[in-house]
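Asker: Can you read through this structure? Questions will come right after.
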Amino acid sequence: MNSNRIWGIGTVLVAAILWGTTGTAATFAANVGPLAIGAASLGVGGILQALVALPALARSLLDLRARWGIVAIGAVAVFVYPLAFYSSMHFAGVAIGTVSSLASAPVASGLLERIIEKRRLGGWWFLAALLSITGSILLVGANGGNHAAEEHHIIGGIGLGLVAGVSYAAYSWAAQYLMAQQIGRAAAMGSIFGVGGLLLMPVLLVTGAPLLANSVSLAVGVYMACVPMFLGYLAFGYGLSKIPASSATTITLVEPAVATLLAVWIVQEHLTLGSWIGLAIFGVVLIILALAPSSRPQTSRGLLASKDYDSMLTECQSGARTGACQGTELSQ
């Protein structure tokens with residue numbers, strides 16, 4: 001079993017567990033709107049990531065400028081994600097909002113890798129994604145009745161959840177793309193989340209006054225920014241350097257399971273048999289992703305395995321495979 005893969009899965013799992021605490025934490029700041037919570041958590045957390053990564057950002061500045069389009073895509077996705085995610089939970093409830101956001105992320109991430117990088121998605125990934133979505137649906141069925149929102153609010157919340165899921169997949173892909181271009185993990189994550197955090201600051205200035213209304217709300221804001229967002233995304237960035245974004249976004253479907261357990265223990269909600277089955281399915285998903293054979297390593301464009309790429313490049317340069325190299329794009 002590949003130790004890098006295990007470490008990647010483990011750190012993404014840590015991130016998912018930390019993120020799973022956000023819904024429960026937000027309930028302690030009921031007077032704060034979803035836009036303020038989202039802007040404070042990922043806005044401040046993103047800027048903290050950039051500050052920690054300043055030396056790496058300085059070293060990689062020229063490379064990042066050359067790929068400013070990818071940084072911009074990731075930053076816009078970071079801007080959209082928390083606003084859509086917390087608004088989704090506000091309108092549809094924590095369970096439905098979380099699940100609609102995260103259940104759509106691995107599908108969107110896999111499609112991005114397939115369309116842009118030409119990466120072949122194996123049967124194990126499809127099985128893990130299907131099981132994860134099934135487990136999420138079971139959790140929704142168990143908790144959806146606890147939310148009294150009108151039907152159009154729920155539909156709107158699910159729509160916002162889908163927007164959040166696509167945004168989540170987009171910045172995950174952008175960060176991993178930069179890493180594949182030999183840009184360090186700290187610089188890749190710091191640039192995307194730093195710019196995204198700056199974009200969120202105007203939203204925080206307009207909506208964030210309730211965070212200062214009392215010590216509890218302020219504590220919630222500080223916790224959300226520093227623990228699940230800052231530390232969580234540091235762990236997530238490390239995981240992205242070890243495993244594909246499609247696998248990482250599938251693993252983070254553990255988040256609704258964590259959120260559900262916290263709702264039981266802290267908010268005193270009750271679980272049905274279906275909920276426990278859904279939680280067990282997430283455990284099976286982790287085992288599948290940990291033990292399933294990984295796909296062959298690929299270049300940043302997903303065209304050739306790295307070993308084959310190196311050997312073919314050498315042969316092409318020496319003229320040994322002129323015919324085979326015609327029409328083949330080889331880029332360092």
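Convention: chains lettered A, B, ... in structure tokens order; per-chain residue numbering from 1; ligands numbered from 1 as shown.
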Neighbours of Ala259 (chain A) within 9 Å (only C-alpha atoms; same-chain residues fewer than 4 positions away dropped), as a PyMOL selection string?
Answerer: chain A and resi 17+19-24+94-95+98+254-255+263-264
Asker: Please tabulate, as a Markdown table, the residues of region 6-61 of chain A that come within 12 Å of region 160-181 of chain A, each with its closest pair of atoms and the distance in Å to one decimal, counting only C-alpha atoms and ordering rows by chain, then residue number upward.
Answerer:
```
| residue | atom | partner | partner_atom | distance |
| --- | --- | --- | --- | --- |
| A:Val12 | CA | A:Ser172 | CA | 11.7 |
| A:Gly38 | CA | A:Ala164 | CA | 11.5 |
| A:Ser60 | CA | A:Leu178 | CA | 10.6 |
```
Asker: Pick out each residue of region 165-217 of chain A that DSSP on the backbone tags as alpha helix (DSSP H); I need them as an NGL selection string.
Answerer: :A and (165-180 or 185-207 or 215-217)
Asker: Would you list the contacts of Ala25 (chain A) as a ChimeraX atom specification, taking every protein, DNA or RNA residue within 12 Å and counting only C-alpha atoms, but skipping same-chain residues closer than 4 positions in sequence?
Answerer: /A:18-21,29-30,32,37,41,94,216-225,227-228,259,262-263,266-267
Asker: Please identify all polymer residues within 9 Å of Ala75 (chain A), counting only C-alpha atoms, omitting same-chain residues fewer than 2 positions from it, and present them as a list in words.
Answerer: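 Here the qualifying residues turn out to be Ile70, Val71, Ala72, Ile73, Ala77, Val78, Phe79, Val80, Tyr171, Ala174, Ser191, Ile192, Phe193, Gly194, Val195, Gly196, Gly197 and Leu199 of chain A.
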